[in-house]
>>> print(open('start-v8.cif').read())   # mmCIF, C-alpha atoms
data_run
#
loop_
_atom_site.label_atom_id
_atom_site.label_comp_id
_atom_site.auth_asym_id
_atom_site.auth_seq_id
_atom_site.Cartn_x
_atom_site.Cartn_y
_atom_site.Cartn_z
CA MET V 1 100.39 152.73 85.11
CA ALA V 2 97.69 151.74 82.67
CA THR V 3 94.13 152.44 83.66
CA LEU V 4 91.22 150.51 82.35
CA THR V 5 87.50 150.58 82.91
CA VAL V 6 86.70 147.97 85.52
CA SER V 7 83.54 147.70 87.53
CA ARG V 8 84.98 145.67 90.38
CA ALA V 9 88.36 145.25 92.02
CA PRO V 10 90.65 142.43 90.80
CA LEU V 11 90.24 139.19 92.75
CA SER V 12 93.12 137.74 94.73
CA GLY V 13 94.16 134.10 94.76
CA PHE V 14 94.27 131.88 91.70
CA SER V 15 93.47 133.56 88.41
CA PHE V 16 92.11 131.42 85.58
CA ASP V 17 92.42 134.14 82.94
CA ASN V 18 95.08 132.42 80.92
CA CYS V 19 93.61 128.91 80.89
CA LYS V 20 91.90 129.24 77.51
CA ARG V 21 95.00 130.83 76.01
CA ASN V 22 97.17 128.01 77.38
CA ALA V 23 94.86 125.34 75.96
CA LEU V 24 95.03 127.09 72.60
CA LEU V 25 98.85 127.30 72.74
CA GLU V 26 99.11 123.64 73.63
CA GLY V 27 96.89 122.75 70.70
CA GLU V 28 99.10 124.83 68.40
CA ALA V 29 102.27 123.25 69.78
CA ASN V 30 100.90 119.74 69.34
CA LYS V 31 99.99 120.53 65.72
CA VAL V 32 103.62 121.45 65.04
CA GLY V 33 104.78 118.38 66.94
CA SER V 34 106.59 119.96 69.90
CA ASN V 35 105.65 119.83 73.56
CA LEU V 36 105.20 122.59 76.07
CA PRO V 37 107.79 122.46 78.89
CA ALA V 38 106.83 120.12 81.73
CA ALA V 39 106.54 121.24 85.33
CA ARG V 40 109.33 120.15 87.61
CA LYS V 41 108.22 117.04 89.49
CA THR V 42 109.99 115.26 92.25
CA GLY V 43 109.24 111.67 90.93
CA THR V 44 110.26 110.45 94.29
CA THR V 45 110.61 107.85 96.90
CA ILE V 46 109.48 109.10 100.30
CA CYS V 47 108.57 107.01 103.30
CA GLY V 48 107.83 107.20 106.99
CA LEU V 49 107.96 104.81 109.90
CA VAL V 50 106.76 104.85 113.51
CA TYR V 51 109.27 103.24 115.88
CA LYS V 52 109.58 102.95 119.64
CA ASP V 53 110.47 106.56 120.52
CA GLY V 54 108.98 108.47 117.60
CA VAL V 55 108.84 108.83 113.84
CA ILE V 56 111.49 108.51 111.12
CA LEU V 57 110.92 110.15 107.72
CA GLY V 58 113.11 109.32 104.73
CA ALA V 59 113.38 110.77 101.23
CA ASP V 60 115.64 110.61 98.18
CA THR V 61 117.01 113.84 96.67
CA ARG V 62 116.33 113.83 92.92
CA ALA V 63 114.04 116.33 91.17
CA THR V 64 113.11 115.59 87.56
CA GLU V 65 111.76 117.80 84.77
CA GLY V 66 110.32 115.37 82.26
CA MET V 67 113.17 113.03 81.39
CA VAL V 68 115.95 115.26 82.72
CA VAL V 69 117.23 115.49 86.28
CA ALA V 70 116.61 119.08 87.35
CA ASP V 71 118.16 118.96 90.82
CA LYS V 72 120.59 116.31 92.03
CA ASN V 73 120.34 117.24 95.68
CA CYS V 74 117.01 118.80 96.53
CA SER V 75 115.54 118.69 99.99
CA LYS V 76 112.19 116.93 100.14
CA ILE V 77 111.67 116.87 103.90
CA HIS V 78 109.96 120.15 104.72
CA TYR V 79 109.60 121.83 108.09
CA ILE V 80 106.06 122.26 109.33
CA SER V 81 106.62 122.97 113.02
CA PRO V 82 109.37 122.17 115.55
CA ASN V 83 107.85 118.75 116.19
CA ILE V 84 106.30 118.02 112.78
CA TYR V 85 108.02 117.42 109.43
CA CYS V 86 106.54 116.56 106.05
CA CYS V 87 108.01 114.79 102.99
CA GLY V 88 106.57 115.85 99.64
CA ALA V 89 106.21 114.01 96.32
CA GLY V 90 104.59 115.23 93.12
CA THR V 91 104.97 118.69 91.60
CA ALA V 92 107.88 120.33 93.45
CA ALA V 93 106.35 123.83 93.58
CA ASP V 94 103.05 122.49 94.87
CA THR V 95 104.62 120.54 97.74
CA GLU V 96 106.86 123.49 98.63
CA MET V 97 104.08 126.11 98.70
CA THR V 98 101.55 123.82 100.39
CA THR V 99 103.89 122.89 103.21
CA GLN V 100 104.94 126.52 103.68
CA ILE V 101 101.34 127.73 103.88
CA ILE V 102 100.38 125.02 106.34
CA SER V 103 103.50 125.71 108.39
CA SER V 104 102.55 129.41 108.65
CA ASN V 105 98.97 128.59 109.55
CA LEU V 106 100.06 126.08 112.19
CA GLU V 107 102.41 128.65 113.71
CA LEU V 108 99.59 131.22 113.93
CA HIS V 109 97.27 128.58 115.34
CA SER V 110 99.76 127.45 117.97
CA LEU V 111 100.38 131.07 119.00
CA SER V 112 96.64 131.47 119.35
CA THR V 113 96.15 128.28 121.41
CA GLY V 114 99.46 128.58 123.30
CA ARG V 115 100.23 124.89 122.81
CA LEU V 116 102.54 122.75 120.70
CA PRO V 117 100.73 121.93 117.43
CA ARG V 118 99.38 118.45 116.90
CA VAL V 119 100.00 116.29 113.84
CA ALA V 120 96.25 115.75 113.44
CA THR V 121 95.78 119.52 113.05
CA ALA V 122 98.34 119.69 110.26
CA ASN V 123 96.73 116.67 108.63
CA ARG V 124 93.26 118.22 108.75
CA MET V 125 94.48 121.55 107.34
CA LEU V 126 96.31 119.82 104.50
CA LYS V 127 93.45 117.54 103.55
CA GLN V 128 90.91 120.36 103.55
CA MET V 129 93.09 122.50 101.32
CA LEU V 130 93.92 119.71 98.88
CA PHE V 131 90.27 118.68 98.61
CA ARG V 132 89.25 122.25 97.89
CA TYR V 133 91.47 122.20 94.78
CA GLN V 134 90.20 118.77 93.69
CA GLY V 135 93.62 117.27 93.02
CA TYR V 136 94.86 120.07 90.76
CA ILE V 137 97.51 120.80 93.37
CA GLY V 138 99.74 117.77 92.79
CA ALA V 139 101.14 117.24 96.26
CA ALA V 140 101.40 113.76 97.76
CA LEU V 141 102.72 114.10 101.31
CA VAL V 142 104.00 111.96 104.15
CA LEU V 143 103.37 113.87 107.37
CA GLY V 144 105.00 112.76 110.60
CA GLY V 145 105.60 114.15 114.05
CA VAL V 146 105.47 113.68 117.78
CA ASP V 147 102.99 115.65 119.87
CA CYS V 148 101.39 115.36 123.30
CA ASN V 149 99.53 112.21 122.24
CA GLY V 150 102.59 110.36 120.97
CA PRO V 151 104.09 109.75 117.51
CA HIS V 152 101.79 109.98 114.48
CA LEU V 153 102.29 109.28 110.77
CA TYR V 154 99.89 110.24 107.97
CA SER V 155 99.98 109.86 104.21
CA ILE V 156 98.07 112.51 102.26
CA TYR V 157 97.08 112.08 98.60
CA PRO V 158 96.66 114.94 96.08
CA HIS V 159 92.87 114.68 96.05
CA GLY V 160 92.64 115.07 99.80
CA SER V 161 92.31 111.55 101.24
CA THR V 162 94.51 110.66 104.18
CA ASP V 163 95.60 107.46 105.89
CA LYS V 164 96.93 107.10 109.40
CA LEU V 165 99.32 104.16 109.42
CA PRO V 166 102.46 102.87 111.19
CA TYR V 167 104.47 102.86 107.94
CA VAL V 168 103.77 104.66 104.63
CA THR V 169 105.51 105.22 101.31
CA MET V 170 104.64 107.68 98.50
CA GLY V 171 105.98 108.67 95.10
CA SER V 172 107.02 106.78 92.00
CA GLY V 173 109.36 104.56 94.00
CA SER V 174 106.74 103.81 96.64
CA LEU V 175 106.22 100.21 95.56
CA ALA V 176 109.93 99.38 95.89
CA ALA V 177 110.08 101.04 99.31
CA MET V 178 106.85 99.41 100.47
CA ALA V 179 108.23 95.99 99.53
CA VAL V 180 111.10 96.54 102.00
CA PHE V 181 108.73 97.76 104.71
CA GLU V 182 106.25 94.93 104.28
CA ASP V 183 109.07 92.42 104.55
CA ARG V 184 110.84 93.75 107.63
CA TYR V 185 108.51 95.98 109.65
CA LYS V 186 107.87 95.13 113.31
CA PRO V 187 106.09 97.36 115.83
CA ASP V 188 108.28 99.13 118.48
CA MET V 189 111.67 98.85 116.78
CA GLU V 190 114.90 100.33 118.12
CA GLU V 191 116.25 103.51 116.55
CA ASP V 192 119.21 101.96 114.72
CA GLU V 193 117.19 99.15 113.24
CA ALA V 194 114.46 101.58 112.17
CA LYS V 195 116.99 103.95 110.57
CA ARG V 196 118.58 101.09 108.68
CA MET V 197 115.19 99.95 107.43
CA VAL V 198 114.20 103.42 106.20
CA ARG V 199 117.59 103.77 104.52
CA ASP V 200 117.13 100.41 102.80
CA ALA V 201 113.61 101.29 101.68
CA ILE V 202 114.73 104.58 100.10
CA ALA V 203 117.75 102.80 98.56
CA ALA V 204 115.36 100.27 97.00
CA GLY V 205 113.45 103.18 95.47
CA ILE V 206 116.65 104.90 94.29
CA PHE V 207 118.12 101.85 92.58
CA ASN V 208 114.93 100.46 91.08
CA ASP V 209 113.03 103.59 90.04
CA LEU V 210 114.19 106.08 87.40
CA GLY V 211 112.42 108.99 89.06
CA SER V 212 114.39 108.67 92.31
CA GLY V 213 118.10 108.98 92.83
CA SER V 214 121.12 110.61 94.48
CA ASN V 215 121.30 110.66 98.27
CA ILE V 216 119.11 109.56 101.15
CA ASP V 217 117.88 112.14 103.65
CA LEU V 218 116.59 111.09 107.03
CA CYS V 219 114.64 112.95 109.70
CA VAL V 220 114.31 111.36 113.13
CA ILE V 221 111.62 113.01 115.27
CA THR V 222 111.34 112.14 118.94
CA LYS V 223 109.68 113.85 121.85
CA GLY V 224 111.61 117.11 122.26
CA LYS V 225 114.32 116.40 119.67
CA VAL V 226 114.56 116.42 115.88
CA ASP V 227 117.53 114.97 114.01
CA TYR V 228 117.60 116.21 110.42
CA ILE V 229 120.32 114.09 108.80
CA ARG V 230 121.08 115.43 105.34
CA PRO V 231 122.62 113.46 103.73
CA HIS V 232 122.35 110.29 105.70
CA ASP V 233 123.78 108.13 102.97
CA GLU V 234 125.36 109.17 99.70
CA ALA V 235 124.22 106.17 97.71
CA ASN V 236 125.32 107.68 94.39
CA GLN V 237 128.55 109.65 94.37
CA LYS V 238 129.58 111.47 91.21
CA GLY V 239 132.78 110.09 89.71
CA VAL V 240 132.84 106.97 91.83
CA ARG V 241 131.69 103.79 90.19
CA VAL V 242 131.31 101.02 92.71
CA ASN V 243 131.80 97.57 91.23
CA GLU V 244 131.17 94.92 93.85
CA GLU V 245 132.91 92.07 92.02
CA ALA V 246 136.04 94.05 91.23
CA LEU V 247 138.70 94.54 93.88
CA PHE V 248 139.42 98.14 92.91
CA GLN V 249 137.17 101.15 92.37
CA LEU V 250 136.83 102.29 88.78
CA THR V 251 137.06 106.06 88.61
CA GLY V 252 136.63 108.07 85.46
CA ASP V 253 139.81 110.16 85.43
CA TYR V 254 139.71 112.91 82.80
CA LYS V 255 142.87 114.78 83.78
CA TYR V 256 145.81 114.51 81.38
CA LYS V 257 149.25 113.63 82.75
CA ARG V 258 151.91 116.34 82.73
CA GLY V 259 153.94 115.99 79.53
CA THR V 260 151.09 114.81 77.30
CA THR V 261 151.43 118.02 75.35
CA SER V 262 155.11 118.61 74.50
CA VAL V 263 156.60 122.02 75.37
CA LEU V 264 158.23 123.77 72.33
CA THR V 265 159.47 127.08 73.80
CA LYS V 266 159.40 128.62 77.24
CA MET V 267 159.76 132.35 77.97
CA VAL V 268 159.62 133.79 81.52
CA THR V 269 158.99 137.55 81.95
CA PRO V 270 159.18 138.75 85.55
CA LEU V 271 156.75 141.55 86.38
CA SER V 272 158.21 143.90 88.97
CA LEU V 273 155.49 145.33 91.15
CA GLU V 274 156.08 147.62 94.09
CA VAL V 275 153.62 147.89 96.93
CA VAL V 276 152.24 151.46 96.81
CA GLU V 277 149.56 151.38 99.47
CA GLU V 278 148.34 148.74 101.88
CA SER V 279 145.04 149.19 103.66
CA ILE V 280 143.23 146.78 105.97
CA GLN V 281 139.45 146.78 106.14
CA THR V 282 138.09 144.91 109.16
CA MET V 283 134.88 142.95 108.64
CA ASP V 284 132.03 143.80 110.98
CA THR V 285 131.39 140.36 112.47
CA SER V 286 129.40 141.59 115.47
CA ILE Y 1 78.17 120.92 75.68
CA VAL Y 2 76.13 121.50 78.80
CA PRO Y 3 75.97 125.17 79.85
CA VAL Y 4 77.07 125.79 83.43
CA ALA Y 5 74.98 127.99 85.71
CA GLY Y 6 76.76 130.95 87.23
CA LEU Y 7 78.97 131.63 84.27
CA CYS Y 8 76.39 133.47 82.15
CA PRO Y 9 76.69 137.26 81.93
CA GLN Y 10 75.63 138.83 85.15
CA GLY Y 11 74.33 142.10 83.78
CA ALA Y 12 70.83 143.50 84.27
CA TYR Y 13 68.03 141.36 82.80
CA GLY Y 14 70.59 138.52 82.40
CA VAL Y 15 71.86 139.90 79.09
CA GLN Y 16 75.50 140.82 78.40
CA ASP Y 17 76.12 144.47 79.13
CA SER Y 18 78.04 145.54 76.00
CA LEU Y 19 78.46 149.15 77.11
CA ARG Y 20 80.33 148.26 80.28
CA GLY Y 21 81.48 144.71 79.75
CA GLY Y 22 82.48 144.79 76.11
CA PHE Y 23 81.53 142.29 73.46
CA SER Y 24 81.03 138.68 74.41
CA SER Y 25 81.43 135.37 72.64
CA VAL Y 26 78.88 132.65 73.33
CA LYS Y 27 81.49 129.90 73.03
CA ASN Y 28 83.67 131.55 75.67
CA GLU Y 29 80.83 132.08 78.06
CA LEU Y 30 79.29 128.62 77.80
CA LEU Y 31 81.95 126.56 79.56
CA PRO Y 32 84.32 127.63 82.34
CA SER Y 33 87.97 127.87 81.32
CA HIS Y 34 88.99 125.66 84.22
CA PRO Y 35 86.93 123.12 86.20
CA LEU Y 36 87.84 124.94 89.41
CA GLU Y 37 86.84 128.40 88.18
CA LEU Y 38 83.23 128.33 89.36
CA SER Y 39 84.00 126.49 92.57
CA GLU Y 40 86.70 129.00 93.50
CA LYS Y 41 84.59 132.03 92.59
CA ASN Y 42 81.87 130.98 95.00
CA PHE Y 43 84.00 129.20 97.60
CA HIS Y 44 83.62 131.67 100.47
CA LEU Y 45 79.97 132.27 99.64
CA ASN Y 46 79.16 128.57 99.74
CA GLN Y 47 81.13 128.02 102.91
CA ASP Y 48 79.30 130.87 104.62
CA LYS Y 49 75.94 129.58 103.39
CA MET Y 50 76.68 126.14 104.80
CA ASN Y 51 77.87 127.46 108.14
CA LEU Y 52 74.97 129.85 108.57
CA SER Y 53 72.39 127.24 107.68
CA THR Y 54 73.93 124.83 110.22
CA LEU Y 55 73.88 127.64 112.76
CA ARG Y 56 70.22 128.31 112.01
CA ASN Y 57 69.38 124.66 112.54
CA ILE Y 58 71.23 124.52 115.84
CA GLN Y 59 70.56 127.87 117.46
CA GLY Y 60 67.55 129.28 115.67
CA LEU Y 61 67.06 132.09 113.19
CA HIS Y 62 68.39 134.89 115.41
CA ALA Y 63 72.00 133.63 115.30
CA PRO Y 64 72.67 133.85 111.55
CA LEU Y 65 70.53 136.98 111.36
CA LYS Y 66 72.64 138.86 113.88
CA LEU Y 67 75.89 137.60 112.35
CA GLN Y 68 74.89 138.60 108.84
CA MET Y 69 73.90 142.03 110.05
CA GLU Y 70 77.37 142.44 111.54
CA TYR Y 71 79.00 141.23 108.31
CA ARG Y 72 77.03 143.74 106.27
CA ALA Y 73 78.00 146.56 108.61
CA ALA Y 74 81.69 145.54 108.56
CA ARG Y 75 81.68 145.15 104.76
CA GLN Y 76 80.72 148.79 104.36
CA ILE Y 77 83.84 149.98 106.17
CA GLN Y 78 86.02 150.53 103.13
CA ARG Y 79 87.69 153.25 101.10
CA LEU Y 80 86.58 154.31 97.64
CA PRO Y 81 86.31 151.37 95.22
CA PHE Y 82 89.44 152.07 93.20
CA LEU Y 83 91.64 152.20 96.33
CA GLN Y 84 92.85 149.28 98.41
CA SER Y 85 90.92 148.84 101.67
CA SER Y 86 92.25 146.72 104.49
CA HIS Y 87 88.88 145.10 105.38
CA LEU Y 88 90.19 144.75 108.93
CA ALA Y 89 86.79 144.59 110.67
CA LEU Y 90 85.50 142.08 108.14
CA ASP Y 91 88.61 139.89 108.50
CA THR Y 92 88.35 139.91 112.28
CA LEU Y 93 84.67 138.94 112.17
CA ARG Y 94 85.24 136.09 109.74
CA GLY Y 95 88.35 134.90 111.56
CA SER Y 96 90.47 135.17 108.43
CA ASP Y 97 92.94 137.56 110.11
CA ASP Y 98 95.04 134.69 111.45
CA VAL Y 99 94.83 132.38 108.48
CA ILE Y 100 97.11 132.55 105.43
CA GLY Y 101 95.83 131.17 102.15
CA PHE Y 102 96.51 131.49 98.44
CA GLU Y 103 94.43 134.66 98.32
CA ASP Y 104 97.08 136.40 100.45
CA ILE Y 105 100.02 135.25 98.39
CA LEU Y 106 98.89 135.13 94.77
CA SER Y 107 97.68 138.12 92.72
CA ASP Y 108 97.60 140.50 95.66
CA PRO Y 109 95.26 143.28 94.44
CA ALA Y 110 97.42 145.83 96.26
CA GLN Y 111 100.21 144.97 93.83
CA SER Y 112 98.19 144.70 90.64
CA GLU Y 113 99.77 146.60 87.73
CA MET Y 114 96.48 147.98 86.55
CA MET Y 115 94.33 150.59 88.17
CA GLY Y 116 90.64 151.09 87.80
CA GLU Y 117 89.39 154.35 86.40
CA PRO Y 118 88.28 156.25 89.53
CA HIS Y 119 85.27 158.09 88.15
CA LEU Y 120 83.79 155.06 86.43
CA MET Y 121 84.30 152.80 89.43
CA VAL Y 122 82.64 155.19 91.84
CA GLU Y 123 79.77 155.79 89.42
CA TYR Y 124 79.31 152.04 89.02
CA LYS Y 125 79.26 151.57 92.77
CA LEU Y 126 76.71 154.33 93.24
CA GLY Y 127 74.58 152.94 90.44
CA LEU Y 128 74.80 156.12 88.40
CA LEU Y 129 76.50 154.55 85.39
#
>>> encode(input="start-v8.cif", output="structure tokens")
Amino acid sequence: MATLTVSRAPLSGFSFDNCKRNALLEGEANKVGSNLPAARKTGTTICGLVYKDGVILGADTRATEGMVVADKNCSKIHYISPNIYCCGAGTAADTEMTTQIISSNLELHSLSTGRLPRVATANRMLKQMLFRYQGYIGAALVLGGVDCNGPHLYSIYPHGSTDKLPYVTMGSGSLAAMAVFEDRYKPDMEEDEAKRMVRDAIAAGIFNDLGSGSNIDLCVITKGKVDYIRPHDEANQKGVRVNEEALFQLTGDYKYKRGTTSVLTKMVTPLSLEVVEESIQTMDTS
Amino acid sequence: IVPVAGLCPQGAYGVQDSLRGGFSSVKNELLPSHPLELSEKNFHLNQDKMNLSTLRNIQGLHAPLKLQMEYRAARQIQRLPFLQSSHLALDTLRGSDDVIGFEDILSDPAQSEMMGEPHLMVEYKLGLL
């Protein structure tokens, strides 16, 4: 272990030691003409809706890294507590770590109070943390859940502002999803109608926004029950091209038929093996 | 370029301490390397200041006085400076024993790859250096 002369102990938490070096490296890279690798974002469509019995959260499943799809089936609906779930848009690592930290803190808090955590508590914790970091933590969240006061839905922006609304959308596809919501939302909908509407909103984001794609995940939260449907709808299946005008499905078939390559000679050599020892190892499935 | 308060060398007489701190560059010291650097360095200090001043306005001078005395006593319960202390009493007083934040997850000083030089650290703490 290397020792060095320090007068005080190293600080924990974020370390800004490498910021100047990074700025210098970026300047050097730009001079040559190349770019530093981009952080993985979720360029997303996420949305939430309050219906008669609770809250429905919906998200797409594409994660992008610049102009490349990094993950075709990532899970954007994060667990916060048994009755609260949170969709995250923005930088994937930021949303993941933020929701995990808040989930841990809520668990400790609920053990300390002895009650089921409230959505307002999670909202307050998230907004205070995001404001502390002045938007440098790029996490735009849709927080929804059902607690003792009923169903609640919040949207939380990276700089720390929050909105409490009956329907919210976030991410790059939020405008497409919001168009669907604004057209068809009614208060106190039934579950099936609400699920269809969330599915249509996310589908609008998937088909009209480059940053969103793949499948639609749904999370239905009611008092005492959570239905995490993943995937709810596979809107884009690999290898299946759906053409609505055509009567048949066009599939890209890349397998060659038997006989495409002609057989010149064939030689069969049987290998005679005799069983020397046979042992059975039972798996410990207790 | 507007110099930012709090970033200047914190040695005695406000001048950079070359013997202990090494050479310094004015350009490096003038501006923080990240807009959040200063705010994060003083975050807990500022939060405590705000809370204690509110407490003074509500309950009178005795409340923050007693609390700060307890903090100072709890802060002294630690091992030698180059070793990791748990700060259990301090954490319990501040209520940070049931809160998880980035300071518990990132750059945990207990797992830092570098160790301070024991003699120098103790001498610095005792003011002998």
>>> atom_distance(input="start-v8.cif", atom1="atom CA of Y:Leu36", atom2="atom CA of V:Ala120")
27.1 Å
>>> resolve_selection(input="start-v8.cif", expression="the PyMOL selection byres ((chain V and resi 55) around 12)", output="ChimeraX atom specification")
/V:47-54,56-58,83-86,119,142-147,150-154,165-168,187-191,194-195,198,218-223,225-228
>>> resolve_selection(input="start-v8.cif", expression="the PyMOL selection byres ((chain V) within 12 of (chain Y))", output="PyMOL selection string")
chain V and resi 1-24+94+97-113+125-126+128-129+131-137
>>> atom_distance(input="start-v8.cif", atom1="atom CA of V:Pro158", atom2="atom CA of V:Asn73")
23.8 Å
>>> atom_distance(input="start-v8.cif", atom1="atom CA of V:Glu234", atom2="atom CA of V:Lys76")
15.3 Å
>>> closest_residue(input="start-v8.cif", among="V:Thr44, V:Pro82, V:Ala176, V:Ser161", to="V:Arg115", atoms="all atoms listed in the file")
V:Pro82
>>> resolve_selection(input="start-v8.cif", expression="the PyMOL selection byres ((chain Y and resi 64-78) around 10)", output="VMD selection string")
chain Y and resid 48 to 49 51 to 57 59 to 63 79 to 81 83 to 94
>>> residues_around(input="start-v8.cif", residues="V:Gly90", least_positions_apart="5", cutoff="10 Å", atoms="only C-alpha atoms", output="NGL selection string")
:V and (40-44 or 63 or 95 or 137-141 or 157-158 or 170-172)
>>> residues_around(input="start-v8.cif", residues="stretch 210-213 of chain V", least_positions_apart="3", cutoff="7 Å", atoms="all atoms listed in the file", output="PyMOL selection string")
chain V and resi 43-45+60-62+64+172-173+205-206
>>> closest_residue(input="start-v8.cif", among="V:Asp217, V:Glu65, V:Glu277, V:Asp200", to="V:Ala177", atoms="all atoms listed in the file")
V:Asp200
